[in-house]
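Q: One file is attached below, protein21.cif, containing mmCIF, N, CA and C atoms and all ligand atoms.
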```
data_query
loop_
_atom_site.label_atom_id
_atom_site.label_comp_id
_atom_site.auth_asym_id
_atom_site.auth_seq_id
_atom_site.Cartn_x
_atom_site.Cartn_y
_atom_site.Cartn_z
N MET D 7 87.02 42.13 92.42
CA MET D 7 88.29 42.21 91.71
C MET D 7 88.37 41.10 90.66
N VAL D 8 88.89 41.46 89.49
CA VAL D 8 89.11 40.47 88.44
C VAL D 8 90.62 40.41 88.21
N ARG D 9 91.18 39.20 88.19
CA ARG D 9 92.64 39.08 88.02
C ARG D 9 92.98 38.71 86.59
N ASP D 10 93.96 39.41 86.02
CA ASP D 10 94.27 39.11 84.61
C ASP D 10 95.21 37.91 84.47
N ASP D 11 95.64 37.32 85.61
CA ASP D 11 96.44 36.09 85.53
C ASP D 11 95.61 34.86 85.92
N CYS D 12 94.27 35.02 85.92
CA CYS D 12 93.40 33.92 86.36
C CYS D 12 92.51 33.47 85.21
N ILE D 13 92.63 32.19 84.85
CA ILE D 13 91.87 31.69 83.70
C ILE D 13 90.37 31.73 83.94
N PHE D 14 89.93 31.46 85.18
CA PHE D 14 88.49 31.48 85.44
C PHE D 14 87.95 32.91 85.48
N CYS D 15 88.77 33.90 85.87
CA CYS D 15 88.33 35.30 85.74
C CYS D 15 88.09 35.62 84.26
N LYS D 16 89.00 35.15 83.42
CA LYS D 16 88.88 35.45 81.98
C LYS D 16 87.66 34.75 81.39
N ILE D 17 87.46 33.50 81.75
CA ILE D 17 86.29 32.77 81.22
C ILE D 17 85.00 33.39 81.76
N ALA D 18 84.95 33.64 83.06
CA ALA D 18 83.71 34.14 83.68
C ALA D 18 83.30 35.47 83.08
N ASN D 19 84.30 36.28 82.70
CA ASN D 19 84.00 37.62 82.18
C ASN D 19 84.00 37.68 80.65
N GLY D 20 84.14 36.53 80.02
CA GLY D 20 83.93 36.44 78.57
C GLY D 20 85.13 36.74 77.71
N SER D 21 86.33 36.93 78.31
CA SER D 21 87.47 37.22 77.42
C SER D 21 88.09 35.95 76.86
N ILE D 22 87.79 34.79 77.47
CA ILE D 22 88.09 33.49 76.84
C ILE D 22 86.74 32.79 76.68
N PRO D 23 86.45 32.34 75.46
CA PRO D 23 85.13 31.73 75.25
C PRO D 23 85.01 30.36 75.92
N ALA D 24 83.81 30.03 76.36
CA ALA D 24 83.55 28.71 76.96
C ALA D 24 82.09 28.36 76.69
N ALA D 25 81.80 27.08 76.68
CA ALA D 25 80.41 26.63 76.48
C ALA D 25 79.61 27.06 77.71
N THR D 26 78.73 28.04 77.52
CA THR D 26 78.04 28.68 78.64
C THR D 26 76.60 28.19 78.76
N LEU D 27 76.25 27.70 79.95
CA LEU D 27 74.88 27.26 80.22
C LEU D 27 74.02 28.39 80.76
N TYR D 28 74.68 29.34 81.43
CA TYR D 28 73.92 30.39 82.13
C TYR D 28 74.86 31.54 82.43
N GLU D 29 74.32 32.76 82.43
CA GLU D 29 75.11 33.93 82.83
C GLU D 29 74.20 34.97 83.45
N ASP D 30 74.64 35.60 84.51
CA ASP D 30 73.97 36.79 85.05
C ASP D 30 75.03 37.78 85.51
N ASP D 31 74.65 38.78 86.31
CA ASP D 31 75.62 39.80 86.71
C ASP D 31 76.74 39.23 87.57
N ASP D 32 76.46 38.17 88.31
CA ASP D 32 77.42 37.64 89.28
C ASP D 32 78.17 36.40 88.82
N PHE D 33 77.56 35.61 87.93
CA PHE D 33 78.10 34.28 87.62
C PHE D 33 78.05 33.96 86.14
N ARG D 34 78.98 33.06 85.74
CA ARG D 34 78.84 32.33 84.48
C ARG D 34 78.92 30.85 84.84
N VAL D 35 78.05 30.05 84.22
CA VAL D 35 78.09 28.60 84.43
C VAL D 35 78.51 27.98 83.11
N ILE D 36 79.62 27.21 83.17
CA ILE D 36 80.21 26.66 81.93
C ILE D 36 80.30 25.14 82.03
N LEU D 37 80.49 24.52 80.88
CA LEU D 37 80.79 23.08 80.87
C LEU D 37 82.26 22.89 81.21
N ASP D 38 82.54 21.90 82.07
CA ASP D 38 83.92 21.57 82.45
C ASP D 38 84.65 20.99 81.23
N ALA D 39 85.91 21.41 81.04
CA ALA D 39 86.70 20.95 79.90
C ALA D 39 87.15 19.48 80.05
N GLY D 40 87.12 18.97 81.26
CA GLY D 40 87.49 17.57 81.50
C GLY D 40 86.38 16.88 82.27
N PRO D 41 85.23 16.69 81.62
CA PRO D 41 84.03 16.30 82.36
C PRO D 41 84.10 14.91 83.00
N ALA D 42 83.59 14.82 84.23
CA ALA D 42 83.47 13.54 84.92
C ALA D 42 82.27 12.77 84.40
N SER D 43 81.31 13.48 83.85
CA SER D 43 80.13 12.84 83.25
C SER D 43 79.56 13.81 82.23
N ARG D 44 78.61 13.32 81.43
CA ARG D 44 78.01 14.18 80.39
C ARG D 44 77.28 15.35 81.04
N GLY D 45 77.72 16.56 80.74
CA GLY D 45 77.05 17.76 81.25
C GLY D 45 77.72 18.38 82.47
N HIS D 46 78.81 17.79 82.95
CA HIS D 46 79.55 18.31 84.11
C HIS D 46 79.78 19.82 83.92
N ALA D 47 79.31 20.60 84.89
CA ALA D 47 79.36 22.06 84.77
C ALA D 47 80.06 22.68 85.96
N LEU D 48 80.48 23.94 85.78
CA LEU D 48 81.14 24.71 86.83
C LEU D 48 80.45 26.04 87.01
N ILE D 49 80.12 26.38 88.23
CA ILE D 49 79.62 27.72 88.55
C ILE D 49 80.83 28.60 88.87
N LEU D 50 81.00 29.67 88.11
CA LEU D 50 82.12 30.59 88.32
C LEU D 50 81.60 31.97 88.69
N PRO D 51 81.98 32.52 89.84
CA PRO D 51 81.68 33.93 90.09
C PRO D 51 82.50 34.80 89.14
N LYS D 52 81.96 35.96 88.77
CA LYS D 52 82.68 36.85 87.86
C LYS D 52 83.82 37.59 88.56
N GLN D 53 83.70 37.74 89.89
CA GLN D 53 84.77 38.35 90.67
C GLN D 53 85.71 37.25 91.15
N HIS D 54 86.95 37.60 91.41
CA HIS D 54 87.93 36.61 91.85
C HIS D 54 87.89 36.41 93.36
N TYR D 55 87.63 35.18 93.76
CA TYR D 55 87.78 34.75 95.16
C TYR D 55 88.54 33.45 95.10
N GLN D 56 89.57 33.33 95.91
CA GLN D 56 90.41 32.13 95.79
C GLN D 56 89.66 30.84 96.10
N ASP D 57 88.84 30.90 97.14
CA ASP D 57 88.12 29.70 97.55
C ASP D 57 86.95 30.10 98.43
N LEU D 58 86.29 29.11 99.01
CA LEU D 58 85.08 29.38 99.81
C LEU D 58 85.39 30.30 101.00
N CYS D 59 86.58 30.17 101.57
CA CYS D 59 86.93 30.98 102.74
C CYS D 59 87.02 32.46 102.39
N GLN D 60 87.29 32.77 101.12
CA GLN D 60 87.44 34.16 100.69
C GLN D 60 86.18 34.69 100.00
N LEU D 61 85.24 33.82 99.73
CA LEU D 61 84.07 34.20 98.93
C LEU D 61 83.24 35.26 99.64
N ASP D 62 82.84 36.29 98.91
CA ASP D 62 81.94 37.31 99.44
C ASP D 62 80.63 36.63 99.88
N GLU D 63 80.14 37.00 101.06
CA GLU D 63 78.96 36.31 101.61
C GLU D 63 77.72 36.49 100.75
N ALA D 64 77.53 37.70 100.21
CA ALA D 64 76.33 37.96 99.40
C ALA D 64 76.38 37.14 98.10
N VAL D 65 77.56 37.00 97.53
CA VAL D 65 77.72 36.18 96.32
C VAL D 65 77.52 34.71 96.70
N GLY D 66 78.15 34.30 97.79
CA GLY D 66 78.04 32.92 98.24
C GLY D 66 76.60 32.50 98.50
N ALA D 67 75.81 33.43 98.99
CA ALA D 67 74.41 33.13 99.33
C ALA D 67 73.60 32.77 98.08
N LYS D 68 74.11 33.15 96.92
CA LYS D 68 73.37 32.87 95.67
C LYS D 68 73.78 31.55 95.02
N VAL D 69 74.85 30.95 95.52
CA VAL D 69 75.43 29.80 94.80
C VAL D 69 74.50 28.58 94.84
N LEU D 70 73.96 28.28 96.02
CA LEU D 70 73.13 27.05 96.11
C LEU D 70 71.86 27.15 95.27
N GLY D 71 71.24 28.33 95.28
CA GLY D 71 70.03 28.52 94.47
C GLY D 71 70.33 28.34 92.99
N LEU D 72 71.50 28.84 92.57
CA LEU D 72 71.89 28.69 91.16
C LEU D 72 72.20 27.22 90.85
N ALA D 73 72.85 26.54 91.79
CA ALA D 73 73.13 25.10 91.57
C ALA D 73 71.82 24.32 91.43
N ALA D 74 70.83 24.68 92.22
CA ALA D 74 69.53 23.98 92.13
C ALA D 74 68.88 24.25 90.78
N LYS D 75 68.98 25.49 90.32
CA LYS D 75 68.38 25.85 89.02
C LYS D 75 69.03 25.04 87.89
N ILE D 76 70.37 24.97 87.91
CA ILE D 76 71.09 24.24 86.87
C ILE D 76 70.81 22.73 87.01
N GLY D 77 70.82 22.24 88.25
CA GLY D 77 70.56 20.82 88.48
C GLY D 77 69.18 20.40 87.97
N ARG D 78 68.18 21.24 88.22
CA ARG D 78 66.82 20.93 87.72
C ARG D 78 66.82 20.87 86.20
N ALA D 79 67.52 21.83 85.57
CA ALA D 79 67.56 21.85 84.10
C ALA D 79 68.32 20.64 83.57
N MET D 80 69.35 20.19 84.30
CA MET D 80 70.09 18.99 83.88
C MET D 80 69.18 17.76 83.96
N LYS D 81 68.38 17.66 85.03
CA LYS D 81 67.50 16.49 85.16
C LYS D 81 66.47 16.48 84.03
N SER D 82 65.92 17.65 83.71
CA SER D 82 64.92 17.72 82.63
C SER D 82 65.57 17.57 81.26
N GLY D 83 66.69 18.27 81.06
CA GLY D 83 67.26 18.36 79.72
C GLY D 83 68.19 17.21 79.36
N LEU D 84 68.94 16.72 80.35
CA LEU D 84 69.91 15.65 80.07
C LEU D 84 69.39 14.29 80.49
N GLY D 85 68.34 14.30 81.31
CA GLY D 85 67.79 13.02 81.78
C GLY D 85 68.66 12.35 82.83
N CYS D 86 69.49 13.13 83.52
CA CYS D 86 70.28 12.51 84.60
C CYS D 86 69.34 12.17 85.76
N ALA D 87 69.76 11.19 86.56
CA ALA D 87 68.92 10.73 87.66
C ALA D 87 69.16 11.56 88.92
N GLY D 88 70.27 12.26 88.96
CA GLY D 88 70.63 13.08 90.11
C GLY D 88 71.89 13.85 89.77
N PHE D 89 72.44 14.53 90.75
CA PHE D 89 73.70 15.24 90.50
C PHE D 89 74.42 15.46 91.82
N ASN D 90 75.74 15.56 91.74
CA ASN D 90 76.56 15.89 92.90
C ASN D 90 77.04 17.33 92.79
N LEU D 91 77.07 18.00 93.92
CA LEU D 91 77.77 19.29 94.02
C LEU D 91 79.11 19.01 94.68
N VAL D 92 80.18 19.47 94.05
CA VAL D 92 81.53 19.26 94.59
C VAL D 92 82.22 20.62 94.60
N GLN D 93 82.88 20.91 95.69
CA GLN D 93 83.51 22.24 95.80
C GLN D 93 84.79 22.07 96.59
N ASN D 94 85.92 22.15 95.90
CA ASN D 94 87.23 21.87 96.50
C ASN D 94 87.89 23.15 96.99
N ASN D 95 88.46 23.09 98.19
CA ASN D 95 89.15 24.24 98.78
C ASN D 95 90.55 23.84 99.20
N GLY D 96 91.55 24.35 98.50
CA GLY D 96 92.93 24.04 98.83
C GLY D 96 93.44 22.85 98.05
N GLU D 97 94.76 22.88 97.79
CA GLU D 97 95.38 21.79 97.01
C GLU D 97 95.17 20.44 97.66
N ALA D 98 95.22 20.39 99.00
CA ALA D 98 95.05 19.10 99.69
C ALA D 98 93.67 18.51 99.43
N ALA D 99 92.73 19.39 99.10
CA ALA D 99 91.36 18.94 98.82
C ALA D 99 91.12 18.75 97.33
N GLY D 100 92.17 18.92 96.53
CA GLY D 100 92.02 18.70 95.09
C GLY D 100 91.74 19.94 94.28
N GLN D 101 91.83 21.12 94.89
CA GLN D 101 91.59 22.35 94.11
C GLN D 101 92.78 22.62 93.20
N THR D 102 92.53 22.67 91.90
CA THR D 102 93.61 22.92 90.94
C THR D 102 93.55 24.33 90.36
N VAL D 103 92.36 24.93 90.31
CA VAL D 103 92.23 26.30 89.83
C VAL D 103 91.84 27.17 91.01
N LYS D 104 92.68 28.17 91.30
CA LYS D 104 92.52 28.94 92.54
C LYS D 104 91.58 30.12 92.36
N HIS D 105 90.40 29.81 91.84
CA HIS D 105 89.30 30.77 91.72
C HIS D 105 88.09 29.96 92.12
N PHE D 106 87.36 30.41 93.14
CA PHE D 106 86.23 29.63 93.65
C PHE D 106 85.38 29.09 92.50
N HIS D 107 85.01 27.85 92.59
CA HIS D 107 84.06 27.28 91.63
C HIS D 107 83.33 26.12 92.28
N MET D 108 82.11 25.89 91.84
CA MET D 108 81.36 24.73 92.30
C MET D 108 81.06 23.83 91.11
N HIS D 109 81.40 22.54 91.28
CA HIS D 109 81.11 21.55 90.24
C HIS D 109 79.66 21.09 90.38
N ILE D 110 78.98 20.95 89.26
CA ILE D 110 77.67 20.28 89.24
C ILE D 110 77.85 19.09 88.32
N ILE D 111 77.79 17.89 88.91
CA ILE D 111 78.13 16.68 88.16
C ILE D 111 76.89 15.80 88.02
N PRO D 112 76.33 15.76 86.80
CA PRO D 112 75.15 14.92 86.60
C PRO D 112 75.50 13.45 86.84
N ARG D 113 74.56 12.71 87.41
CA ARG D 113 74.74 11.28 87.67
C ARG D 113 73.63 10.52 86.95
N TYR D 114 74.03 9.48 86.25
CA TYR D 114 73.10 8.71 85.44
C TYR D 114 72.91 7.33 86.03
N GLU D 115 71.69 6.78 85.92
CA GLU D 115 71.42 5.43 86.42
C GLU D 115 72.45 4.47 85.84
N GLY D 116 73.06 3.66 86.70
CA GLY D 116 74.03 2.68 86.21
C GLY D 116 75.38 3.28 85.85
N GLY D 117 75.55 4.57 86.06
CA GLY D 117 76.81 5.23 85.71
C GLY D 117 77.91 4.84 86.70
N PRO D 118 79.14 5.23 86.39
CA PRO D 118 80.25 4.85 87.26
C PRO D 118 80.19 5.55 88.62
N GLU D 119 80.76 4.89 89.63
CA GLU D 119 80.88 5.52 90.94
C GLU D 119 81.91 6.62 90.83
N MET D 120 81.62 7.78 91.37
CA MET D 120 82.59 8.87 91.21
C MET D 120 83.02 9.51 92.51
N VAL D 121 82.06 9.83 93.35
CA VAL D 121 82.41 10.52 94.59
C VAL D 121 82.22 9.51 95.71
N ALA D 122 83.32 8.95 96.19
CA ALA D 122 83.20 7.89 97.19
C ALA D 122 84.35 7.95 98.17
N TRP D 123 84.11 7.52 99.38
CA TRP D 123 85.19 7.33 100.34
C TRP D 123 84.86 6.13 101.19
N LYS D 124 85.90 5.57 101.81
CA LYS D 124 85.70 4.40 102.66
C LYS D 124 85.35 4.92 104.05
N PRO D 125 84.13 4.65 104.56
CA PRO D 125 83.78 5.20 105.87
C PRO D 125 84.70 4.66 106.96
N GLY D 126 85.18 5.56 107.82
CA GLY D 126 85.98 5.14 108.98
C GLY D 126 85.06 4.93 110.16
N SER D 127 85.59 5.15 111.38
CA SER D 127 84.72 5.05 112.56
C SER D 127 84.98 6.26 113.45
N ALA D 128 83.97 6.65 114.20
CA ALA D 128 84.09 7.83 115.07
C ALA D 128 83.95 7.37 116.51
N ASP D 129 84.90 7.79 117.38
CA ASP D 129 84.67 7.47 118.79
C ASP D 129 84.38 8.75 119.56
N ALA D 130 83.66 8.58 120.68
CA ALA D 130 83.10 9.73 121.41
C ALA D 130 84.20 10.68 121.89
N GLU D 131 85.33 10.10 122.36
CA GLU D 131 86.40 10.94 122.90
C GLU D 131 87.00 11.82 121.81
N GLU D 132 87.30 11.19 120.67
CA GLU D 132 87.89 11.97 119.58
C GLU D 132 86.89 13.00 119.04
N SER D 133 85.62 12.63 118.98
CA SER D 133 84.60 13.57 118.50
C SER D 133 84.56 14.80 119.39
N ALA D 134 84.63 14.60 120.71
CA ALA D 134 84.61 15.73 121.66
C ALA D 134 85.83 16.62 121.44
N GLU D 135 86.97 15.98 121.19
CA GLU D 135 88.21 16.72 120.92
C GLU D 135 88.06 17.58 119.66
N ILE D 136 87.51 16.98 118.63
CA ILE D 136 87.33 17.68 117.35
C ILE D 136 86.38 18.86 117.52
N VAL D 137 85.29 18.63 118.24
CA VAL D 137 84.32 19.71 118.47
C VAL D 137 85.03 20.89 119.14
N GLY D 138 85.87 20.60 120.13
CA GLY D 138 86.62 21.66 120.82
C GLY D 138 87.57 22.39 119.89
N GLU D 139 88.29 21.64 119.05
CA GLU D 139 89.30 22.24 118.17
C GLU D 139 88.68 23.17 117.12
N VAL D 140 87.49 22.77 116.63
CA VAL D 140 86.87 23.61 115.59
C VAL D 140 86.10 24.77 116.22
N THR D 141 85.30 24.49 117.23
CA THR D 141 84.43 25.55 117.75
C THR D 141 85.24 26.68 118.38
N ALA D 142 86.45 26.41 118.83
CA ALA D 142 87.32 27.46 119.39
C ALA D 142 87.63 28.55 118.35
N HIS D 143 87.44 28.22 117.08
CA HIS D 143 87.79 29.17 116.00
C HIS D 143 86.58 29.73 115.28
N LEU D 144 85.37 29.46 115.77
CA LEU D 144 84.18 29.99 115.09
C LEU D 144 83.91 31.44 115.51
P1 LIG T 1 89.20 21.73 90.82
O1 LIG T 1 89.99 20.45 90.83
O2 LIG T 1 88.03 21.71 91.77
O3 LIG T 1 90.05 22.97 90.97
O4 LIG T 1 88.53 21.78 89.39
C1 LIG T 1 89.02 22.48 88.30
C2 LIG T 1 88.18 22.04 87.14
O5 LIG T 1 88.31 23.01 86.12
C3 LIG T 1 88.57 20.69 86.55
O6 LIG T 1 87.43 19.82 86.56
C4 LIG T 1 89.02 21.04 85.13
O7 LIG T 1 88.63 20.07 84.20
C5 LIG T 1 88.30 22.36 84.89
N1 LIG T 1 88.96 23.26 83.96
C6 LIG T 1 90.25 23.68 84.00
N2 LIG T 1 90.49 24.56 83.01
C7 LIG T 1 89.31 24.71 82.33
C8 LIG T 1 88.90 25.47 81.20
N3 LIG T 1 89.75 26.27 80.55
N4 LIG T 1 87.60 25.37 80.81
C9 LIG T 1 86.74 24.57 81.46
N5 LIG T 1 87.07 23.83 82.52
C10 LIG T 1 88.33 23.89 82.96
ZN ZN T 2 89.88 34.49 89.13
#
```
Spit out the file's structure as structure tokens when you get a sec.
Ligand code: AMP
Ligand code: ZN
A:
Amino acid sequence: MVRDDCIFCKIANGSIPAATLYEDDDFRVILDAGPASRGHALILPKQHYQDLCQLDEAVGAKVLGLAAKIGRAMKSGLGCAGFNLVQNNGEAAGQTVKHFHMHIIPRYEGGPEMVAWKPGSADAEESAEIVGEVTAHL
């Protein structure tokens, strides 16, 4: 399904132009309009899925391979030293556009810290509780 009220549906299907790195039957890969680093890209499926939980499994199975292909080309073409894959699900996780997308963020030697958190601590009792709470829903 393609939604006519969704900006990423429009971009992915070519009705709004975007700087395109790659396109096939399932995806368009574009440059992010507010890049975290030089070359920051987004993988957009052409069909509308709100987030990872709604993503079609066959489409989802292709996402990592495509990210690797783009990441390799970024390392060769842009000279980045590495890259982060970031994929936000839900507003609480920072998702602002409600059409599944995966960020590919090139990282350069000496570049700014971007994806970081302060490590907490895990205790055995709480870990057992968490395992129970999640696995009950698998
Ligand atoms: P997220 O916070 O994971 O939902 O990321 C949404 C991303 O989409 C942000 O990095 C925005 O900069 C980017 N973005 C929003 N609108 C556009 C657009 N029209 N073209 C390209 N990137 C966009
Ligand atoms: Zn959409």
Q: How many Å separate CA of Leu61 in chain D from atom C of Cys86 in chain D?
A: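 A separation of 29.6 Å between them.
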Q: One decimal, Å: what's the distance from atom ZN of ligand ZN 2 (chain T) over to atom N of Glu63 in chain D, could you say?
A: 15.6 Å
Q: For Pro51 in chain D, list every protein, DNA or RNA residue within 7 Å, evaluated using only C-alpha atoms, and leave out those in the same chain fewer than 5 positions away; present the list as JSON, numbers by chain.
A: {"D": [18, 32, 33, 34]}
Q: Using only N, CA and C atoms, please write the residues we just selected to a file, as an mmCIF file, in the coordinates of the input.
A:
```cif
data_model
loop_
_atom_site.group_PDB
_atom_site.id
_atom_site.type_symbol
_atom_site.label_atom_id
_atom_site.label_comp_id
_atom_site.auth_asym_id
_atom_site.auth_seq_id
_atom_site.Cartn_x
_atom_site.Cartn_y
_atom_site.Cartn_z
ATOM 1 N N ALA D 18 84.950 33.640 83.060
ATOM 2 C CA ALA D 18 83.710 34.140 83.680
ATOM 3 C C ALA D 18 83.300 35.470 83.080
ATOM 4 N N ASP D 32 76.460 38.170 88.310
ATOM 5 C CA ASP D 32 77.420 37.640 89.280
ATOM 6 C C ASP D 32 78.170 36.400 88.820
ATOM 7 N N PHE D 33 77.560 35.610 87.930
ATOM 8 C CA PHE D 33 78.100 34.280 87.620
ATOM 9 C C PHE D 33 78.050 33.960 86.140
ATOM 10 N N ARG D 34 78.980 33.060 85.740
ATOM 11 C CA ARG D 34 78.840 32.330 84.480
ATOM 12 C C ARG D 34 78.920 30.850 84.840
#
```
Q: So, with only N, CA and C atoms as the atoms that count, which of D:His143, D:His105, D:Arg78, D:Arg113 lies closest to Cys15 in chain D?
A: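 Selected residue with least distance to Cys15 in chain D: D:His105.
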Q: As an exercise, work out the distance from atom C of Ala64 in chain D to atom C of His46 in chain D in Å and give it to one decimal place.
A: 22.6 Å
Q: Counting only N, CA and C atoms and all ligand atoms, which residue out of D:Lys104, D:Lys75, D:Lys68, D:His109 sits closest to ligand ZN 2 (chain T)?
A: D:Lys104
Q: Counting all atoms listed in the file, which residues of chain D fall within 5 Å of ligand LIG 1 (chain T), and what is the closest atom pair for each with its distance in Å at one decimal, ordered by chain and rising number, as a tab-separated table?
A:
```
residue	atom	partner	partner_atom	distance
D:Leu37	C	T:LIG1	C9	4.8
D:Asp38	CA	T:LIG1	N5	3.9
D:Ala39	N	T:LIG1	N5	3.1
D:Gly40	N	T:LIG1	O7	3.5
D:Asn94	N	T:LIG1	O2	4.7
D:Gly100	C	T:LIG1	O1	3.9
D:Gln101	C	T:LIG1	O3	3.5
D:Thr102	N	T:LIG1	O3	2.7
D:Val103	N	T:LIG1	O3	3.1
```
Q: In chain D, what's strand (DSSP E or B) per DSSP? Answer as a list in words?
A: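 After running DSSP on the backbone, chain D has strand (DSSP E or B) at Thr26, Leu27, Tyr28, Glu29, Phe33, Arg34, Val35, Ile36, Leu37, Ala47, Leu48, Ile49, Leu50, Pro51, Gly88, Phe89, Asn90, Leu91, Val92, Met108, His109, Ile110, Ile111, Pro112 and Arg113 of chain D.
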Q: All residues within 8 Å of ligand ZN 2 (chain T) are required, counting all atoms listed in the file; please report them as a PyMOL selection string.
A: chain D and resi 7-18+51-56+103-106
Q: Need the shell around Gly77 in chain D: protein/DNA/RNA residues with any atom at most 9 Å away, counting only C-alpha atoms. Skip same-chain ones fewer than 5 positions apart. Format as a ChimeraX atom specification?
A: /D:72,82,88-90,110-112
Q: Calculated over only C-alpha atoms, which of the candidates D:Glu115, D:Asp129, D:Glu97, D:Asp30 has the smallest distance to Leu50 in chain D?
A: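 Checking each of D:Glu115, D:Asp129, D:Glu97, D:Asp30 against Leu50 in chain D, counting only C-alpha atoms, the winner is D:Asp30.
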Q: Using only C-alpha atoms, can you tell me which of D:Val69, D:Leu144, D:Met120, D:Ala74 comes closest to Pro41 in chain D?
A: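 Closest to Pro41 in chain D of all the choices is D:Met120.
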Q: Pick the closest to Glu119 in chain D from D:Met80, D:Ala25, D:Ala73, D:Ala42: which is it, counting only C-alpha atoms?
A: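 That would be D:Ala42, the residue with the smallest distance to Glu119 in chain D.
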Q: Under the rule that all atoms listed in the file are counted, which of D:Glu131, D:Ile76, D:His107, D:Asn95 is the nearest residue to Leu27 in chain D?
A: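 Comparing D:Glu131, D:Ile76, D:His107, D:Asn95 against Leu27 in chain D, the winner is D:Ile76.
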Q: DSSP on the backbone: which residues in chain D end up as helix (DSSP H, G or I)? Give the answer as a PyMOL selection string.
A: chain D and resi 13-18+63-66+69-83+97-99+130-141
